[in-house]
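The data block below is start.cif; it holds mmCIF, C-alpha atoms.
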data_coords
#
loop_
_atom_site.label_atom_id
_atom_site.label_comp_id
_atom_site.auth_asym_id
_atom_site.auth_seq_id
_atom_site.Cartn_x
_atom_site.Cartn_y
_atom_site.Cartn_z
CA MET S 55 -22.44 -36.37 -2.02
CA THR S 56 -22.88 -35.28 -5.60
CA ILE S 57 -26.18 -35.69 -7.37
CA ASN S 58 -24.72 -38.38 -9.65
CA TRP S 59 -24.71 -40.94 -6.84
CA TYR S 60 -28.41 -40.48 -6.25
CA LEU S 61 -29.07 -40.86 -9.97
CA ALA S 62 -27.06 -44.10 -10.01
CA VAL S 63 -29.15 -45.49 -7.13
CA SER S 64 -32.34 -44.50 -8.92
CA ALA S 65 -31.19 -46.24 -12.13
CA ILE S 66 -30.35 -49.43 -10.22
CA VAL S 67 -33.71 -49.44 -8.42
CA PHE S 68 -35.59 -48.86 -11.67
CA THR S 69 -33.73 -51.71 -13.39
CA LEU S 70 -34.42 -54.08 -10.50
CA GLY S 71 -38.11 -53.23 -10.74
CA ALA S 72 -38.16 -53.84 -14.48
CA VAL S 73 -36.41 -57.22 -14.10
CA GLY S 74 -38.88 -58.15 -11.37
CA VAL S 75 -41.84 -57.33 -13.61
CA MET S 76 -40.38 -59.59 -16.30
CA VAL S 77 -39.39 -62.47 -14.02
CA ARG S 78 -42.05 -62.86 -11.34
CA ARG S 79 -45.37 -64.63 -11.89
CA ASN S 80 -47.46 -63.55 -8.91
CA PRO S 81 -49.41 -60.40 -9.86
CA LEU S 82 -49.01 -59.09 -6.31
CA VAL S 83 -45.24 -59.14 -6.68
CA VAL S 84 -45.53 -57.65 -10.17
CA LEU S 85 -47.41 -54.72 -8.62
CA LEU S 86 -44.69 -54.38 -5.99
CA CYS S 87 -42.07 -54.27 -8.75
CA LEU S 88 -44.07 -51.55 -10.52
CA GLU S 89 -43.86 -49.61 -7.26
CA LEU S 90 -40.10 -50.07 -7.36
CA MET S 91 -39.95 -48.56 -10.84
CA LEU S 92 -42.07 -45.58 -9.77
CA ASN S 93 -39.84 -45.07 -6.75
CA GLY S 94 -36.72 -45.10 -8.88
CA ALA S 95 -38.26 -42.38 -11.04
CA ASN S 96 -39.25 -40.45 -7.90
CA LEU S 97 -35.69 -40.50 -6.59
CA ALA S 98 -34.42 -39.13 -9.90
CA LEU S 99 -37.07 -36.40 -9.83
CA ILE S 100 -36.15 -35.34 -6.30
CA ALA S 101 -32.45 -35.39 -7.17
CA PHE S 102 -33.03 -33.16 -10.19
CA SER S 103 -35.21 -30.88 -8.09
CA ARG S 104 -32.34 -30.51 -5.63
CA MET S 105 -29.88 -29.96 -8.44
CA TRP S 106 -31.80 -27.00 -9.84
CA GLY S 107 -33.08 -25.68 -6.51
CA ASN S 108 -36.56 -25.76 -8.01
CA GLY S 109 -39.65 -27.26 -6.44
CA ASP S 110 -41.34 -28.49 -9.61
CA GLY S 111 -39.65 -31.89 -9.38
CA GLN S 112 -41.00 -32.41 -5.88
CA ILE S 113 -44.50 -31.56 -7.08
CA LEU S 114 -44.16 -34.11 -9.87
CA ALA S 115 -42.88 -36.68 -7.35
CA LEU S 116 -45.95 -36.10 -5.17
CA VAL S 117 -48.20 -36.53 -8.22
CA VAL S 118 -46.36 -39.77 -9.06
CA MET S 119 -47.10 -40.96 -5.51
CA THR S 120 -50.79 -40.17 -6.05
CA VAL S 121 -50.85 -42.09 -9.31
CA ALA S 122 -49.05 -45.00 -7.62
CA ALA S 123 -51.69 -45.06 -4.88
CA CYS S 124 -54.44 -45.17 -7.52
CA GLU S 125 -52.62 -47.93 -9.37
CA VAL S 126 -52.29 -49.98 -6.17
CA CYS S 127 -55.97 -49.44 -5.43
CA ILE S 128 -57.11 -50.67 -8.85
CA GLY S 129 -54.51 -53.44 -9.05
CA LEU S 130 -55.38 -54.90 -5.67
CA GLY S 131 -59.07 -54.64 -6.56
CA LEU S 132 -58.38 -56.66 -9.69
CA ILE S 133 -56.43 -59.25 -7.71
CA VAL S 134 -59.27 -59.60 -5.18
CA ALA S 135 -61.75 -59.98 -8.06
CA ILE S 136 -59.53 -62.67 -9.66
CA TYR S 137 -59.32 -64.49 -6.33
CA ARG S 138 -63.10 -64.38 -5.85
CA ARG S 139 -63.62 -66.00 -9.24
CA ARG S 140 -61.30 -68.85 -8.22
CA LEU S 141 -58.96 -68.08 -11.09
CA PRO S 142 -55.27 -68.89 -10.67
CA ILE S 143 -53.26 -65.97 -9.25
CA ASP S 144 -50.57 -66.26 -11.89
CA VAL S 145 -49.86 -63.88 -14.73
CA ASP S 146 -48.79 -66.71 -17.04
CA GLU S 147 -52.11 -68.50 -16.71
CA LEU S 148 -54.20 -65.33 -16.94
CA ARG S 149 -53.50 -64.75 -20.58
CA GLU S 150 -57.11 -64.24 -21.49
CA LEU S 151 -58.81 -61.31 -19.84
CA GLN S 152 -62.29 -62.44 -20.82
CA GLY S 153 -64.65 -63.60 -18.12
CA MET E 63 -21.63 -37.51 7.80
CA SER E 64 -23.99 -37.11 4.88
CA ALA E 65 -21.80 -39.44 2.82
CA VAL E 66 -22.02 -42.17 5.46
CA LEU E 67 -25.77 -41.69 5.70
CA PHE E 68 -26.07 -41.77 1.93
CA PHE E 69 -24.23 -45.07 1.66
CA ILE E 70 -26.28 -46.67 4.44
CA ALA E 71 -29.57 -45.50 2.95
CA GLY E 72 -28.56 -46.25 -0.64
CA PHE E 73 -27.45 -49.75 0.31
CA GLY E 74 -30.73 -50.22 2.19
CA ALA E 75 -32.75 -49.06 -0.81
CA ILE E 76 -30.96 -51.38 -3.23
CA ALA E 77 -31.08 -54.32 -0.80
CA GLY E 78 -34.80 -53.75 -0.29
CA ALA E 79 -35.36 -53.71 -4.04
CA VAL E 80 -33.39 -56.94 -4.47
CA GLY E 81 -35.44 -58.46 -1.66
CA VAL E 82 -38.71 -57.55 -3.38
CA VAL E 83 -37.60 -59.28 -6.57
CA VAL E 84 -35.92 -62.33 -5.03
CA LEU E 85 -37.91 -63.33 -1.93
CA ARG E 86 -40.31 -66.22 -2.38
CA ASP E 87 -43.17 -65.32 -0.09
CA PRO E 88 -45.13 -62.23 -1.25
CA PHE E 89 -45.52 -61.22 2.40
CA TYR E 90 -41.76 -60.93 2.80
CA SER E 91 -41.63 -59.02 -0.48
CA VAL E 92 -44.03 -56.46 0.97
CA LEU E 93 -41.95 -56.13 4.14
CA SER E 94 -38.83 -55.72 2.04
CA LEU E 95 -40.56 -52.97 0.08
CA VAL E 96 -41.36 -51.19 3.35
CA GLY E 97 -37.65 -51.22 4.20
CA HIS E 98 -36.87 -49.94 0.72
CA LEU E 99 -39.36 -47.08 1.11
CA LEU E 100 -37.94 -46.05 4.49
CA SER E 101 -34.40 -45.99 3.06
CA LEU E 102 -35.68 -43.94 0.16
CA ALA E 103 -37.23 -41.47 2.61
CA VAL E 104 -33.80 -41.02 4.18
CA LEU E 105 -32.38 -40.30 0.72
CA PHE E 106 -35.14 -37.72 0.17
CA LEU E 107 -34.21 -36.08 3.47
CA LEU E 108 -30.59 -35.93 2.35
CA LEU E 109 -31.81 -34.16 -0.79
CA ARG E 110 -33.55 -31.61 1.43
CA SER E 111 -37.12 -32.48 0.50
CA GLU E 112 -38.56 -32.90 3.97
CA PHE E 113 -42.21 -32.87 3.01
CA VAL E 114 -41.86 -35.54 0.34
CA ALA E 115 -39.92 -37.72 2.78
CA ALA E 116 -42.68 -37.36 5.38
CA VAL E 117 -45.35 -38.19 2.79
CA GLN E 118 -43.30 -41.17 1.69
CA VAL E 119 -43.21 -42.58 5.22
CA VAL E 120 -46.79 -41.75 6.22
CA VAL E 121 -48.70 -42.44 3.02
CA TYR E 122 -46.54 -44.93 1.18
CA ALA E 123 -44.87 -47.01 3.87
CA GLY E 124 -47.91 -46.59 6.11
CA ALA E 125 -51.19 -46.64 4.24
CA VAL E 126 -50.39 -48.24 0.89
CA MET E 127 -48.30 -51.03 2.39
CA VAL E 128 -51.02 -51.82 4.95
CA LEU E 129 -53.38 -52.29 1.99
CA TYR E 130 -50.85 -54.67 0.46
CA VAL E 131 -50.48 -56.65 3.67
CA PHE E 132 -54.26 -57.00 3.94
CA VAL E 133 -54.58 -58.30 0.38
CA VAL E 134 -51.65 -60.69 0.77
CA ALA E 135 -53.24 -62.05 3.94
CA TYR E 136 -56.62 -62.34 2.19
CA VAL E 137 -55.41 -63.95 -0.99
CA GLY E 138 -52.85 -66.01 0.87
CA GLY E 139 -49.93 -65.56 -1.47
CA ARG E 140 -48.77 -68.82 -2.93
CA GLU E 141 -45.14 -69.70 -2.33
CA GLU E 142 -43.35 -69.22 -5.57
CA PRO E 143 -39.74 -70.29 -5.88
CA PHE E 144 -37.70 -67.56 -7.48
CA GLY E 145 -37.03 -68.37 -11.10
CA GLU E 146 -39.78 -70.95 -11.42
CA ARG E 147 -41.09 -69.00 -14.34
CA LEU E 148 -37.66 -69.11 -15.92
CA ARG E 149 -37.32 -72.87 -15.68
CA GLY E 150 -41.01 -73.47 -15.96
CA ARG E 151 -43.31 -75.03 -18.43
CA GLY E 152 -45.13 -73.33 -21.25
CA PRO E 153 -43.85 -70.76 -23.67
CA ALA E 154 -41.68 -69.17 -21.02
CA GLY E 155 -38.33 -70.81 -20.48
CA SER E 156 -34.69 -70.35 -21.19
CA SER E 157 -35.42 -67.76 -23.86
CA LEU E 158 -37.23 -65.71 -21.22
CA ARG E 159 -34.30 -66.03 -18.82
CA LEU E 160 -31.91 -64.82 -21.49
CA GLY E 161 -34.29 -62.08 -22.57
CA ALA E 162 -34.79 -60.78 -19.03
CA ALA E 163 -31.05 -60.74 -18.34
CA VAL E 164 -30.22 -58.98 -21.62
CA LEU E 165 -33.05 -56.47 -21.27
CA GLY E 166 -32.19 -55.72 -17.65
CA GLY E 167 -28.53 -55.18 -18.43
CA ALA E 168 -29.29 -53.04 -21.45
CA LEU E 169 -31.77 -50.96 -19.46
CA LEU E 170 -29.27 -50.34 -16.67
CA VAL E 171 -26.51 -49.33 -19.09
CA GLU E 172 -28.85 -47.07 -21.00
CA LEU E 173 -30.19 -45.41 -17.86
CA LEU E 174 -26.70 -44.85 -16.48
CA ILE E 175 -25.60 -43.32 -19.78
CA ALA E 176 -28.71 -41.15 -19.95
CA LEU E 177 -28.50 -39.97 -16.34
CA LEU E 178 -24.76 -39.73 -15.79
CA GLY E 179 -23.04 -39.68 -19.15
CA THR E 180 -24.66 -36.67 -20.72
CA GLY E 181 -23.94 -33.03 -20.19
CA LEU E 182 -25.11 -32.82 -16.60
CA GLU E 183 -21.65 -31.78 -15.45
CA ALA E 184 -22.37 -28.34 -16.81
CA VAL E 185 -24.89 -27.76 -14.06
CA GLY E 186 -22.65 -28.32 -11.09
CA ALA E 187 -23.19 -31.65 -9.44
CA ASN E 188 -23.45 -30.46 -5.87
CA GLY E 189 -26.84 -28.87 -6.27
CA ALA E 190 -28.15 -25.40 -5.85
CA GLY E 191 -27.60 -23.30 -2.77
CA TYR E 192 -29.77 -23.86 0.27
CA ALA E 193 -30.67 -21.44 3.04
CA PRO E 194 -32.59 -22.80 6.03
CA GLY E 195 -35.74 -21.00 7.01
CA PRO E 196 -39.44 -21.43 7.64
CA GLN E 197 -40.28 -21.30 3.93
CA ALA E 198 -37.10 -22.82 2.56
CA PHE E 199 -36.88 -25.30 -0.30
CA GLY E 200 -38.80 -28.49 0.42
CA THR E 201 -40.69 -27.46 3.54
CA PRO E 202 -44.46 -28.01 3.74
CA ALA E 203 -45.06 -24.28 3.37
CA TYR E 204 -43.05 -24.21 0.14
CA ILE E 205 -44.82 -27.24 -1.32
CA GLY E 206 -48.22 -25.99 -0.24
CA LYS E 207 -47.65 -22.60 -1.83
CA LEU E 208 -46.63 -24.24 -5.11
CA PHE E 209 -49.59 -26.59 -5.04
CA LEU E 210 -52.12 -23.86 -4.41
CA THR E 211 -50.73 -21.33 -6.86
CA ARG E 212 -48.81 -22.61 -9.86
CA PHE E 213 -49.97 -26.20 -9.73
CA LEU E 214 -53.58 -25.75 -8.66
CA LEU E 215 -54.90 -27.61 -11.72
CA VAL E 216 -52.54 -30.53 -11.05
CA PHE E 217 -53.74 -30.62 -7.46
CA GLU E 218 -57.40 -30.74 -8.44
CA VAL E 219 -56.82 -33.33 -11.18
CA SER E 220 -54.95 -35.64 -8.82
CA SER E 221 -57.70 -35.39 -6.20
CA PHE E 222 -60.22 -36.31 -8.89
CA LEU E 223 -58.00 -39.20 -9.96
CA LEU E 224 -58.03 -40.53 -6.39
CA LEU E 225 -61.82 -40.34 -6.34
CA ILE E 226 -62.04 -42.27 -9.63
CA ALA E 227 -59.63 -44.91 -8.31
CA ALA E 228 -61.62 -45.36 -5.09
CA VAL E 229 -64.88 -45.79 -7.01
CA GLY E 230 -63.17 -48.16 -9.46
CA ALA E 231 -61.77 -50.33 -6.68
CA VAL E 232 -65.19 -50.62 -5.06
CA VAL E 233 -66.75 -51.57 -8.39
CA LEU E 234 -64.03 -54.13 -9.15
CA ALA E 235 -63.81 -55.83 -5.78
CA GLY E 236 -67.35 -55.30 -4.57
CA ARG E 237 -69.49 -58.28 -3.77
CA GLN E 238 -72.02 -57.76 -6.53
CA GLY E 239 -69.75 -56.25 -9.15
CA GLY E 240 -66.64 -58.26 -9.80
CA ALA E 241 -67.49 -61.35 -7.82
CA ARG E 242 -70.18 -62.82 -10.00
#
I'd like the structure from this file rewritten - as structure tokens, please.
Amino acid sequence: MTINWYLAVSAIVFTLGAVGVMVRRNPLVVLLCLELMLNGANLALIAFSRMWGNGDGQILALVVMTVAACEVCIGLGLIVAIYRRRLPIDVDELRELQG
Amino acid sequence: MSAVLFFIAGFGAIAGAVGVVVLRDPFYSVLSLVGHLLSLAVLFLLLRSEFVAAVQVVVYAGAVMVLYVFVVAYVGGREEPFGERLRGRGPAGSSLRLGAAVLGGALLVELLIALLGTGLEAVGANGAGYAPGPQAFGTPAYIGKLFLTRFLLVFEVSSFLLLIAAVGAVVLAGRQGGAR
């Protein structure tokens, strides 16, 4: 398989993630769609790394995974805090970030 | 063989992504994302990055998704019909539906042009040569050597970032901190 096919899959996955972020209301699902976007970028990075025979892309993909884990950690912490305050779990109704 | 595997895994990845966006119950979205991540790990293996594929399965599909499942079970994700936001009340509505469709289509076209339409043919689309061996491209030894020599600063910074995120999550979700 040529590298182009992998890049096409990564573009499709990234677009699906972006559409999900725009369309869904539950912040949990919005976080999942952010993960999709990061994974699309990761696939492109790995494909480019394979194309050049150079490991730098894989290192960047691992760093992206680290950042995604941090983002999940903070995001889920925020969602738990929102739930504890009995606020609606809905990004449309959480327009004000003041307590 | 690799072509067949690519199409199976690529179809699985795209189907998993569609499932994350479309499914109503957040719990099923998480499970769909697990399937997507496993398919993506197969794609990584096909691209000869064994270590990243292993990390993807162990850390991502294992640890991070377990965290998601716990939070979904704790919060008790509300059933949300797909597209409720599009039909729904408030400022969002048909304009949002149109905007999301147009933006998504434009993004896909732009990404495909950027990734496939530019001068990448000059490189040779089949990838660089690959010789199997104990320290070949993509093995743990290769990645570890890169991380501890050229990318040592990156390694340290990302470990520090993980520490900050752990402290931040405790502060946000802790009983005294965010709950009051």
Residues around (-45.7, -30.7, -6.0), cut-off 8 Å, counting all atoms listed in the file - what are they as number ranges by chain? S: 109-117; E: 205-206, 208-209, 213
Translate the PyMOL selection byres ((chain S) within 8 of (chain E)) into a concrete residue list for this structure, as a PyMOL selection string. chain S and resi 55-58+61-63+65-67+69-74+76-80+82-83+86-87+90+97+100-101+104-109+112-113+115-117+119-121+123-128+130-132+134-135+137-139
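Here CA of Val96 (chain E) is placed at a distance of 22.8 Å from CA of Ile143 (chain S).
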Could you work out how far CA of Asn96 (chain S) lies from CA of Leu100 (chain E), giving the answer in Å with one decimal? 13.7 Å
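Counting from CA of Val104 (chain E), the distance to CA of Ala71 (chain E) is 6.3 Å.
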